[in-house]
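Enquirer: This one is input-v4.txt, compact mmCIF, C-alpha atoms and all ligand atoms.
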```txt
# COMPACT_ATOMS: atom_id res chain seq x y z
CA MET A 1 179.76 6.26 -13.87
CA GLY A 2 179.27 7.71 -17.31
CA GLU A 3 176.91 6.58 -20.03
CA ASP A 4 177.88 3.02 -20.97
CA PRO A 5 174.63 1.53 -22.37
CA ALA A 6 175.40 -2.08 -21.36
CA SER A 7 176.15 -0.89 -17.80
CA LYS A 8 172.72 0.70 -17.60
CA VAL A 9 171.08 -2.61 -18.48
CA TYR A 10 173.22 -4.56 -15.99
CA VAL A 11 172.56 -2.09 -13.16
CA ALA A 12 168.82 -2.13 -13.86
CA ASN A 13 168.82 -5.96 -13.74
CA LYS A 14 170.78 -5.99 -10.48
CA LYS A 15 168.37 -3.51 -8.91
CA LYS A 16 165.42 -5.61 -10.05
CA ALA A 17 166.95 -8.74 -8.49
CA CYS A 18 167.53 -6.89 -5.19
CA GLU A 19 163.95 -5.73 -5.16
CA TYR A 20 162.72 -9.24 -5.96
CA ILE A 21 164.48 -10.84 -3.00
CA GLY A 22 164.14 -7.97 -0.53
CA ILE A 23 167.58 -6.36 -0.48
CA ASN A 24 167.62 -2.56 -0.37
CA SER A 25 169.73 -1.16 -3.17
CA PHE A 26 170.97 2.39 -3.58
CA GLU A 27 172.18 3.59 -6.94
CA TYR A 28 174.68 6.44 -7.23
CA LYS A 29 174.68 7.59 -10.85
CA LEU A 30 177.81 9.65 -11.31
CA PRO A 31 178.31 11.87 -14.34
CA GLU A 32 181.15 11.12 -16.79
CA GLU A 33 183.20 14.07 -15.48
CA THR A 34 183.27 12.88 -11.84
CA THR A 35 186.85 12.81 -10.54
CA GLU A 36 188.57 9.77 -9.07
CA GLU A 37 188.79 11.56 -5.70
CA GLU A 38 185.04 12.11 -5.68
CA VAL A 39 184.37 8.45 -6.41
CA ILE A 40 186.75 7.32 -3.68
CA GLU A 41 185.14 9.76 -1.25
CA LEU A 42 181.75 8.17 -1.97
CA ILE A 43 183.18 4.67 -1.55
CA ASN A 44 184.69 5.65 1.81
CA LYS A 45 181.34 6.97 2.93
CA LEU A 46 179.70 3.66 2.01
CA ASN A 47 182.56 1.66 3.58
CA ASN A 48 181.82 3.43 6.87
CA ASP A 49 178.05 3.20 6.65
CA ASN A 50 177.04 0.17 8.69
CA THR A 51 173.61 0.01 7.08
CA VAL A 52 175.42 -0.93 3.85
CA SER A 53 176.46 -4.57 3.48
CA GLY A 54 177.85 -4.63 -0.03
CA ILE A 55 179.30 -2.20 -2.55
CA LEU A 56 179.91 -2.61 -6.25
CA CYS A 57 181.16 -0.24 -8.87
CA GLN A 58 179.74 -1.12 -12.28
CA LEU A 59 182.64 -1.44 -14.74
CA PRO A 60 183.88 -0.07 -17.05
CA VAL A 61 184.74 3.29 -15.51
CA PRO A 62 185.42 6.38 -17.66
CA LYS A 63 188.95 6.55 -19.10
CA HIS A 64 190.22 9.30 -16.75
CA ILE A 65 189.52 7.10 -13.71
CA ASN A 66 191.92 4.40 -12.56
CA GLU A 67 189.81 1.25 -12.26
CA GLU A 68 192.30 -0.39 -9.93
CA ALA A 69 192.21 2.55 -7.52
CA ILE A 70 188.42 2.27 -7.34
CA ILE A 71 188.47 -1.48 -6.75
CA ASN A 72 191.16 -1.10 -4.09
CA ALA A 73 189.12 1.56 -2.27
CA ILE A 74 186.20 -0.80 -1.60
CA ASP A 75 186.33 -2.45 1.83
CA PRO A 76 187.17 -6.12 1.05
CA LYS A 77 184.43 -7.19 3.49
CA LYS A 78 181.88 -5.30 1.37
CA ASP A 79 183.38 -6.25 -1.98
CA VAL A 80 180.46 -8.26 -3.41
CA ASP A 81 182.07 -8.42 -6.87
CA ALA A 82 185.19 -10.02 -5.27
CA PHE A 83 187.57 -7.91 -7.36
CA HIS A 84 189.64 -6.47 -4.46
CA PRO A 85 193.19 -7.94 -4.36
CA ILE A 86 192.53 -9.41 -0.91
CA ASN A 87 189.54 -11.34 -2.23
CA VAL A 88 191.43 -12.28 -5.41
CA GLY A 89 194.23 -13.67 -3.21
CA LYS A 90 191.74 -15.63 -1.15
CA ILE A 91 190.42 -17.28 -4.30
CA MET A 92 193.96 -18.52 -4.99
CA THR A 93 194.20 -20.15 -1.56
CA GLY A 94 190.66 -21.52 -1.66
CA ASN A 95 189.74 -19.84 1.64
CA TYR A 96 187.24 -17.27 0.42
CA ASP A 97 184.06 -15.47 1.44
CA PHE A 98 183.26 -13.96 -1.95
CA VAL A 99 183.74 -15.41 -5.42
CA PRO A 100 183.46 -13.23 -8.56
CA CYS A 101 179.85 -13.57 -9.65
CA THR A 102 180.25 -14.88 -13.20
CA PRO A 103 182.64 -17.76 -12.44
CA ALA A 104 180.60 -18.53 -9.32
CA GLY A 105 177.49 -18.73 -11.50
CA VAL A 106 179.24 -21.11 -13.88
CA MET A 107 180.24 -23.38 -10.99
CA GLU A 108 176.68 -23.35 -9.68
CA LEU A 109 175.35 -24.37 -13.11
CA ILE A 110 177.86 -27.22 -13.25
CA LYS A 111 176.95 -28.38 -9.74
CA GLU A 112 173.19 -28.14 -10.24
CA SER A 113 173.52 -30.11 -13.50
CA GLY A 114 175.15 -32.96 -11.58
CA ILE A 115 178.45 -32.64 -13.45
CA ASP A 116 181.50 -33.82 -11.53
CA VAL A 117 184.57 -31.73 -12.38
CA THR A 118 187.05 -34.13 -10.76
CA GLY A 119 189.65 -35.32 -13.23
CA LYS A 120 187.98 -33.61 -16.20
CA GLU A 121 189.90 -31.71 -18.86
CA CYS A 122 188.68 -28.14 -18.37
CA VAL A 123 189.56 -25.52 -20.96
CA VAL A 124 188.86 -21.86 -20.26
CA VAL A 125 189.17 -19.54 -23.26
CA GLY A 126 189.89 -16.06 -21.87
CA ARG A 127 192.13 -14.92 -19.02
CA SER A 128 190.52 -11.72 -17.76
CA ASN A 129 190.71 -10.90 -14.07
CA ILE A 130 186.94 -10.97 -13.74
CA VAL A 131 186.14 -14.16 -15.63
CA GLY A 132 188.92 -16.34 -17.09
CA LYS A 133 191.44 -16.33 -14.22
CA PRO A 134 189.04 -16.88 -11.30
CA MET A 135 187.13 -19.41 -13.44
CA SER A 136 190.28 -21.49 -13.86
CA MET A 137 190.95 -21.37 -10.09
CA LEU A 138 187.44 -22.52 -9.20
CA LEU A 139 187.66 -25.44 -11.63
CA LEU A 140 191.08 -26.32 -10.19
CA HIS A 141 189.65 -26.27 -6.64
CA GLN A 142 187.07 -28.79 -7.88
CA ASN A 143 189.92 -31.05 -9.08
CA GLY A 144 189.65 -30.27 -12.78
CA THR A 145 192.78 -30.34 -14.96
CA VAL A 146 192.70 -26.80 -16.23
CA THR A 147 194.10 -25.19 -19.38
CA VAL A 148 193.69 -21.44 -19.83
CA CYS A 149 193.76 -20.13 -23.41
CA HIS A 150 194.07 -16.56 -24.67
CA SER A 151 194.79 -14.55 -27.78
CA LYS A 152 198.38 -15.82 -28.01
CA THR A 153 197.48 -19.51 -27.61
CA LYS A 154 198.76 -21.67 -30.47
CA ASP A 155 196.39 -24.15 -32.11
CA LEU A 156 193.38 -23.16 -30.05
CA LYS A 157 191.18 -25.74 -31.77
CA ALA A 158 193.35 -28.61 -30.50
CA LYS A 159 192.96 -27.24 -26.96
CA THR A 160 189.21 -26.67 -27.12
CA LYS A 161 188.68 -30.08 -28.73
CA SER A 162 190.39 -31.76 -25.79
CA ALA A 163 187.93 -30.23 -23.29
CA ASP A 164 185.39 -32.22 -21.33
CA ILE A 165 184.28 -28.87 -19.90
CA LEU A 166 184.76 -25.85 -22.13
CA VAL A 167 184.19 -22.32 -20.84
CA ALA A 168 184.18 -19.53 -23.44
CA ALA A 169 184.85 -16.00 -22.12
CA VAL A 170 186.35 -14.27 -25.13
CA GLY A 171 184.02 -11.43 -26.11
CA ILE A 172 183.90 -12.38 -29.81
CA PRO A 173 180.48 -13.32 -31.24
CA ASN A 174 180.12 -17.01 -32.22
CA PHE A 175 183.88 -17.55 -31.84
CA ILE A 176 183.74 -21.21 -30.74
CA THR A 177 182.16 -23.30 -33.49
CA GLY A 178 180.89 -26.88 -33.38
CA ASP A 179 184.02 -28.26 -35.03
CA MET A 180 186.10 -26.95 -32.09
CA ILE A 181 184.14 -29.00 -29.55
CA LYS A 182 184.61 -32.59 -28.40
CA GLU A 183 181.60 -34.89 -28.76
CA GLY A 184 179.59 -34.82 -25.52
CA ALA A 185 181.47 -31.92 -23.91
CA VAL A 186 179.90 -29.52 -21.44
CA VAL A 187 179.97 -26.09 -23.09
CA ILE A 188 179.50 -22.96 -21.02
CA ASP A 189 179.14 -19.71 -22.86
CA VAL A 190 179.98 -16.63 -20.78
CA GLY A 191 179.99 -14.25 -23.75
CA ILE A 192 177.40 -11.51 -24.12
CA ASN A 193 177.78 -9.78 -27.48
CA ARG A 194 175.27 -7.35 -28.90
CA ILE A 195 175.36 -7.82 -32.67
CA ALA A 196 172.23 -5.75 -33.40
CA PRO A 197 170.15 -3.41 -31.22
CA LYS A 198 167.98 -6.26 -29.97
CA THR A 199 170.18 -9.28 -30.66
CA LEU A 200 172.54 -10.79 -28.12
CA VAL A 201 174.76 -13.75 -28.96
CA GLY A 202 177.39 -15.61 -27.02
CA ASP A 203 181.00 -16.51 -27.76
CA VAL A 204 179.82 -19.96 -28.88
CA GLU A 205 178.02 -20.56 -32.15
CA PHE A 206 175.02 -22.20 -30.52
CA ASP A 207 173.51 -23.93 -33.56
CA THR A 208 176.65 -25.83 -34.55
CA ALA A 209 177.82 -26.37 -30.96
CA LYS A 210 174.57 -27.92 -29.74
CA GLU A 211 174.92 -30.72 -32.31
CA VAL A 212 178.16 -31.84 -30.65
CA ALA A 213 177.91 -30.80 -27.01
CA GLY A 214 176.49 -33.03 -24.28
CA ALA A 215 175.24 -29.94 -22.45
CA ILE A 216 175.34 -26.28 -23.42
CA THR A 217 174.23 -22.93 -21.97
CA PRO A 218 172.25 -20.50 -24.14
CA VAL A 219 172.79 -16.76 -24.58
CA PRO A 220 170.82 -14.92 -23.42
CA GLY A 221 169.53 -16.85 -20.44
CA GLY A 222 172.46 -19.02 -19.36
CA VAL A 223 175.34 -17.58 -17.38
CA GLY A 224 173.98 -13.99 -17.34
CA PRO A 225 171.12 -14.58 -14.87
CA MET A 226 173.41 -16.79 -12.76
CA THR A 227 175.85 -13.88 -12.43
CA ILE A 228 173.11 -11.77 -10.89
CA ALA A 229 171.98 -14.61 -8.63
CA MET A 230 175.55 -14.96 -7.35
CA LEU A 231 175.73 -11.23 -6.72
CA MET A 232 172.69 -11.62 -4.47
CA LYS A 233 174.38 -14.55 -2.73
CA ASN A 234 177.55 -12.52 -2.14
CA THR A 235 175.48 -9.64 -0.80
CA LEU A 236 173.73 -11.90 1.69
CA LYS A 237 177.12 -13.27 2.69
CA ALA A 238 178.41 -9.70 3.13
CA ALA A 239 175.47 -8.92 5.38
CA GLU A 240 176.41 -11.92 7.51
CA VAL A 241 180.12 -11.04 7.53
CA ASN A 242 179.45 -7.38 8.36
CA LYS A 243 176.50 -8.16 10.62
CA THR A 244 174.51 -5.37 9.01
CA VAL A 245 171.21 -7.25 9.11
P1 LIG B 301 188.07 -9.45 -21.81
O1 LIG B 301 188.02 -8.69 -23.08
O2 LIG B 301 188.59 -8.81 -20.57
O3 LIG B 301 188.93 -10.79 -22.04
C1 LIG B 301 188.79 -11.53 -23.22
C2 LIG B 301 189.77 -12.67 -23.19
O4 LIG B 301 189.63 -13.37 -24.42
C3 LIG B 301 191.23 -12.21 -23.10
O5 LIG B 301 191.92 -12.99 -22.16
C4 LIG B 301 191.77 -12.43 -24.50
O6 LIG B 301 193.13 -12.81 -24.55
C5 LIG B 301 190.91 -13.59 -24.97
N1 LIG B 301 190.86 -13.60 -26.42
C6 LIG B 301 190.60 -12.56 -27.25
N2 LIG B 301 190.70 -12.95 -28.54
C7 LIG B 301 191.03 -14.25 -28.51
C8 LIG B 301 191.32 -15.21 -29.51
N3 LIG B 301 191.27 -14.89 -30.82
N4 LIG B 301 191.64 -16.46 -29.13
C9 LIG B 301 191.69 -16.80 -27.82
N5 LIG B 301 191.45 -15.93 -26.82
C10 LIG B 301 191.13 -14.67 -27.17
O7 LIG B 301 186.59 -10.01 -21.59
P2 LIG B 301 185.83 -10.50 -20.26
O8 LIG B 301 186.51 -11.66 -19.67
O9 LIG B 301 185.48 -9.35 -19.42
O10 LIG B 301 184.45 -10.98 -20.93
C11 LIG B 301 184.40 -12.03 -21.87
C12 LIG B 301 182.98 -12.15 -22.40
O11 LIG B 301 182.11 -12.46 -21.32
C13 LIG B 301 182.41 -10.86 -23.02
O12 LIG B 301 181.53 -11.23 -24.06
C14 LIG B 301 181.61 -10.24 -21.89
O13 LIG B 301 180.56 -9.43 -22.35
C15 LIG B 301 181.09 -11.48 -21.22
N6 LIG B 301 180.78 -11.32 -19.80
C16 LIG B 301 179.61 -11.87 -19.39
C17 LIG B 301 179.24 -11.82 -18.08
C18 LIG B 301 177.98 -12.48 -17.68
O14 LIG B 301 177.40 -12.10 -16.68
N7 LIG B 301 177.54 -13.50 -18.42
C19 LIG B 301 180.06 -11.11 -17.10
C20 LIG B 301 181.34 -10.64 -17.60
C21 LIG B 301 181.65 -10.74 -18.93
P3 LIG B 301 194.33 -11.81 -24.11
O15 LIG B 301 194.33 -11.83 -22.62
O16 LIG B 301 195.52 -12.43 -24.71
O17 LIG B 301 193.99 -10.46 -24.69
```
For this file, write the structure as structure tokens.
Expert:
Amino acid sequence: MGEDPASKVYVANKKKACEYIGINSFEYKLPEETTEEEVIELINKLNNDNTVSGILCQLPVPKHINEEAIINAIDPKKDVDAFHPINVGKIMTGNYDFVPCTPAGVMELIKESGIDVTGKECVVVGRSNIVGKPMSMLLLHQNGTVTVCHSKTKDLKAKTKSADILVAAVGIPNFITGDMIKEGAVVIDVGINRIAPKTLVGDVEFDTAKEVAGAITPVPGGVGPMTIAMLMKNTLKAAEVNKTV
């Protein structure tokens, strides 16, 4: 919905990934002035279309639309972003079909790198519903000892410096600097910040952080592509759950 430039890039990348792995994708580009009722009507149509396995609404939505109402309208069994309250609740209990794509991508990176989370001090900077909160739950399910930091956290540096696994999801360019990182820590940078028309940087200052970290993800090229891969995984799962293929 609307004209958000970053959304256009994300949607194009998601479509490309679908094409690459053989999932049919259908894009509904809605003009800025579309009403909430019209969006919900479209979602209902897709909910009831059994050739459709998964539905996602690219956020953010225009200001006159209630984001929560849109998320709640998506059938939880087709909710490949895992933002619906039913799927959010399932993440709390650990009995889930879908995991939000970005935290799922982070967990996959950790697993594929042979890093055992059990007993590790895990610090997540950021507590958004789409990244920070589910991220902390997934690390907890893997037996990490998790601290979640946010804009009101006191002495952030002391917290980040205690982390064996540090996840930055703040949305401030180069916010976490090398001196905030423990020697040898695993540093995962979720941030995507456009600081110039063709320059993306993360929430971690890569050059100073890489001198201290034991492992670190780059931006671009780290968590971003994993997010899309996990969206594909959720969509395949949705096809299985809904038996649409
Ligand atoms: P939000 O803006 O929703 O949340 C940012 C979080 O950072 C908030 O919890 C906020 O705290 C916290 N924060 C802000 N300032 C500070 C500070 N000075 N000290 C400590 N914490 C602070 O962002 P998102 O979670 O949606 O996204 C975070 C980043 O990840 C962005 O750069 C975004 O572009 C990127 N992103 C990347 C994705 C990917 O695919 N790689 C997917 C989604 C997001 P408070 O709650 O107190 O306000």
Enquirer: Which distance in Å separates CA of Ala209 (chain A) and CA of Ser7 (chain A), to one decimal?
Expert: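 Value for the CA of Ala209 (chain A)-CA of Ser7 (chain A) distance: 28.7 Å.
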Enquirer: CA of Ala185 (chain A) to CA of Ala215 (chain A): how many Å, to one decimal?
Expert: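 Between CA of Ala185 (chain A) and CA of Ala215 (chain A) the gap works out to 6.7 Å.
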Enquirer: When you draw a straight line from CA of Asp116 (chain A) to CA of Asn234 (chain A), how long is it in Å?
Expert: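 Separation of CA of Asp116 (chain A) and CA of Asn234 (chain A): 23.6 Å.
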Enquirer: Can I get the residues close to ligand LIG 301 (chain B) as a ChimeraX atom specification, where close means within 8 Å and we count all atoms listed in the file?
Expert: /A:101-102,125-132,149-153,156,168-173,175,189-193,202-203,222-228
Enquirer: Which residue, A:Pro134, A:Gly144, A:Gly119, A:Gly184, has the smallest gap to Lys90 (chain A) when you use all atoms listed in the file?
Expert: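 Answer, going by the shortest atom-to-atom distance: A:Pro134.
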Enquirer: Please list, as a list of chain:residue names, the residues that have an atom at most 12 Å away from (178.0, -21.1, -38.1) in the coordinates of this file, counting only C-alpha atoms.
Expert: A:Pro173, A:Asn174, A:Phe175, A:Ile176, A:Thr177, A:Gly178, A:Asp179, A:Met180, A:Asp203, A:Val204, A:Glu205, A:Phe206, A:Asp207, A:Thr208, A:Ala209, A:Lys210, A:Glu211
Enquirer: I'd like the neighbourhood of Ile43 (chain A) as a list in words, where a residue qualifies if any of its atoms comes within 8 Å (using only C-alpha atoms), though same-chain residues fewer than 5 positions away should be ignored.
Expert: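 Skipping anything fewer than 5 positions along the chain leaves Ile55, Ala73 and Ile74 of chain A.
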Enquirer: Which residues are near Glu3 (chain A)? Cut-off 10 Å, all atoms listed in the file, ignore same chain within fewer than 6 positions. Put them as a PyMOL selection string.
Expert: chain A and resi 29-32+61-62
Enquirer: Of the residues A:Ala69, A:Leu59, A:Val123, A:Val241, which is the one nearest to Lys157 (chain A), using all atoms listed in the file?
Expert: A:Val123
Enquirer: Have a look at A:Glu37, A:Ser25, A:Gly221, A:Lys133 and name the one nearest to Thr51 (chain A); count all atoms listed in the file.
Expert: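 The closest residue to Thr51 (chain A) is A:Ser25.
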Enquirer: Quick one: residues within 9 Å of Gly94 (chain A), all atoms listed in the file counted, chain neighbours fewer than 4 positions away excluded, as JSON, numbers by chain?
Expert: {"A": [89, 90, 137, 138, 141]}
Enquirer: Around all the atoms of region 222-239 of chain A listed in the file, draw an axis-aligned box and extend it by 8 Å on each of the six sides; I want its centre and edge lengths in Å to one decimal, as lines of an AutoDock Vina configuration file.
Expert:
```
center_x = 174.8
center_y = -14.0
center_z = -7.0
size_x = 23.3
size_y = 26.1
size_z = 40.7
```
Enquirer: Within 9 Å of (169.7, -10.5, -5.4), only C-alpha atoms: residues as a ChimeraX atom specification?
Expert: /A:14-23,228-236
Enquirer: Take the residues that were just selected and, keeping C-alpha atoms, output them as an mmCIF file, keeping the file's coordinate frame.
Expert:
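Output file part_33.cif follows:
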```
data_model
loop_
_atom_site.group_PDB
_atom_site.id
_atom_site.type_symbol
_atom_site.label_atom_id
_atom_site.label_comp_id
_atom_site.auth_asym_id
_atom_site.auth_seq_id
_atom_site.Cartn_x
_atom_site.Cartn_y
_atom_site.Cartn_z
ATOM 1 C CA LYS A 14 170.780 -5.990 -10.480
ATOM 2 C CA LYS A 15 168.370 -3.510 -8.910
ATOM 3 C CA LYS A 16 165.420 -5.610 -10.050
ATOM 4 C CA ALA A 17 166.950 -8.740 -8.490
ATOM 5 C CA CYS A 18 167.530 -6.890 -5.190
ATOM 6 C CA GLU A 19 163.950 -5.730 -5.160
ATOM 7 C CA TYR A 20 162.720 -9.240 -5.960
ATOM 8 C CA ILE A 21 164.480 -10.840 -3.000
ATOM 9 C CA GLY A 22 164.140 -7.970 -0.530
ATOM 10 C CA ILE A 23 167.580 -6.360 -0.480
ATOM 11 C CA ILE A 228 173.110 -11.770 -10.890
ATOM 12 C CA ALA A 229 171.980 -14.610 -8.630
ATOM 13 C CA MET A 230 175.550 -14.960 -7.350
ATOM 14 C CA LEU A 231 175.730 -11.230 -6.720
ATOM 15 C CA MET A 232 172.690 -11.620 -4.470
ATOM 16 C CA LYS A 233 174.380 -14.550 -2.730
ATOM 17 C CA ASN A 234 177.550 -12.520 -2.140
ATOM 18 C CA THR A 235 175.480 -9.640 -0.800
ATOM 19 C CA LEU A 236 173.730 -11.900 1.690
#
```
Enquirer: Set the distance at 10 Å and use only C-alpha atoms: which residues neighbour Ala163 (chain A) once local chain neighbours fewer than 6 positions away are removed? I'd like the list as a PDB file with C-alpha atoms, in the coordinates of the input.
Expert:
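Ended up saving to result-v1.pdb:
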```pdb
ATOM      1  CA  LYS A 120     187.980 -33.610 -16.200  1.00  0.00           C
ATOM      2  CA  GLU A 121     189.900 -31.710 -18.860  1.00  0.00           C
ATOM      3  CA  CYS A 122     188.680 -28.140 -18.370  1.00  0.00           C
ATOM      4  CA  VAL A 123     189.560 -25.520 -20.960  1.00  0.00           C
ATOM      5  CA  VAL A 124     188.860 -21.860 -20.260  1.00  0.00           C
ATOM      6  CA  THR A 145     192.780 -30.340 -14.960  1.00  0.00           C
ATOM      7  CA  VAL A 146     192.700 -26.800 -16.230  1.00  0.00           C
ATOM      8  CA  THR A 147     194.100 -25.190 -19.380  1.00  0.00           C
ATOM      9  CA  MET A 180     186.100 -26.950 -32.090  1.00  0.00           C
ATOM     10  CA  ILE A 181     184.140 -29.000 -29.550  1.00  0.00           C
ATOM     11  CA  LYS A 182     184.610 -32.590 -28.400  1.00  0.00           C
ATOM     12  CA  GLU A 183     181.600 -34.890 -28.760  1.00  0.00           C
ATOM     13  CA  GLY A 184     179.590 -34.820 -25.520  1.00  0.00           C
ATOM     14  CA  ALA A 185     181.470 -31.920 -23.910  1.00  0.00           C
ATOM     15  CA  VAL A 186     179.900 -29.520 -21.440  1.00  0.00           C
ATOM     16  CA  VAL A 187     179.970 -26.090 -23.090  1.00  0.00           C
TER      17      VAL A 187
END
```
Enquirer: Can you work out which one of A:Glu68, A:Glu240, A:Ser113, A:Leu140 has the shortest atom-to-atom distance to Asp97 (chain A), counting only C-alpha atoms?
Expert: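 Ranking A:Glu68, A:Glu240, A:Ser113, A:Leu140 by distance to Asp97 (chain A), first place goes to A:Glu240.
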Enquirer: Taking only C-alpha atoms into account, which of A:Ala158, A:Ala104, A:Ile165, A:Ala82 comes nearest Thr118 (chain A)?
Expert: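 For Thr118 (chain A), the nearest of the given residues is A:Ile165.
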Enquirer: Would you mind telling me which residue in A:Asn72, A:Cys57, A:Ile216, A:Lys159 lies nearest to Phe26 (chain A) when using all atoms listed in the file?
Expert: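 Result for the nearest residue to Phe26 (chain A): A:Cys57.
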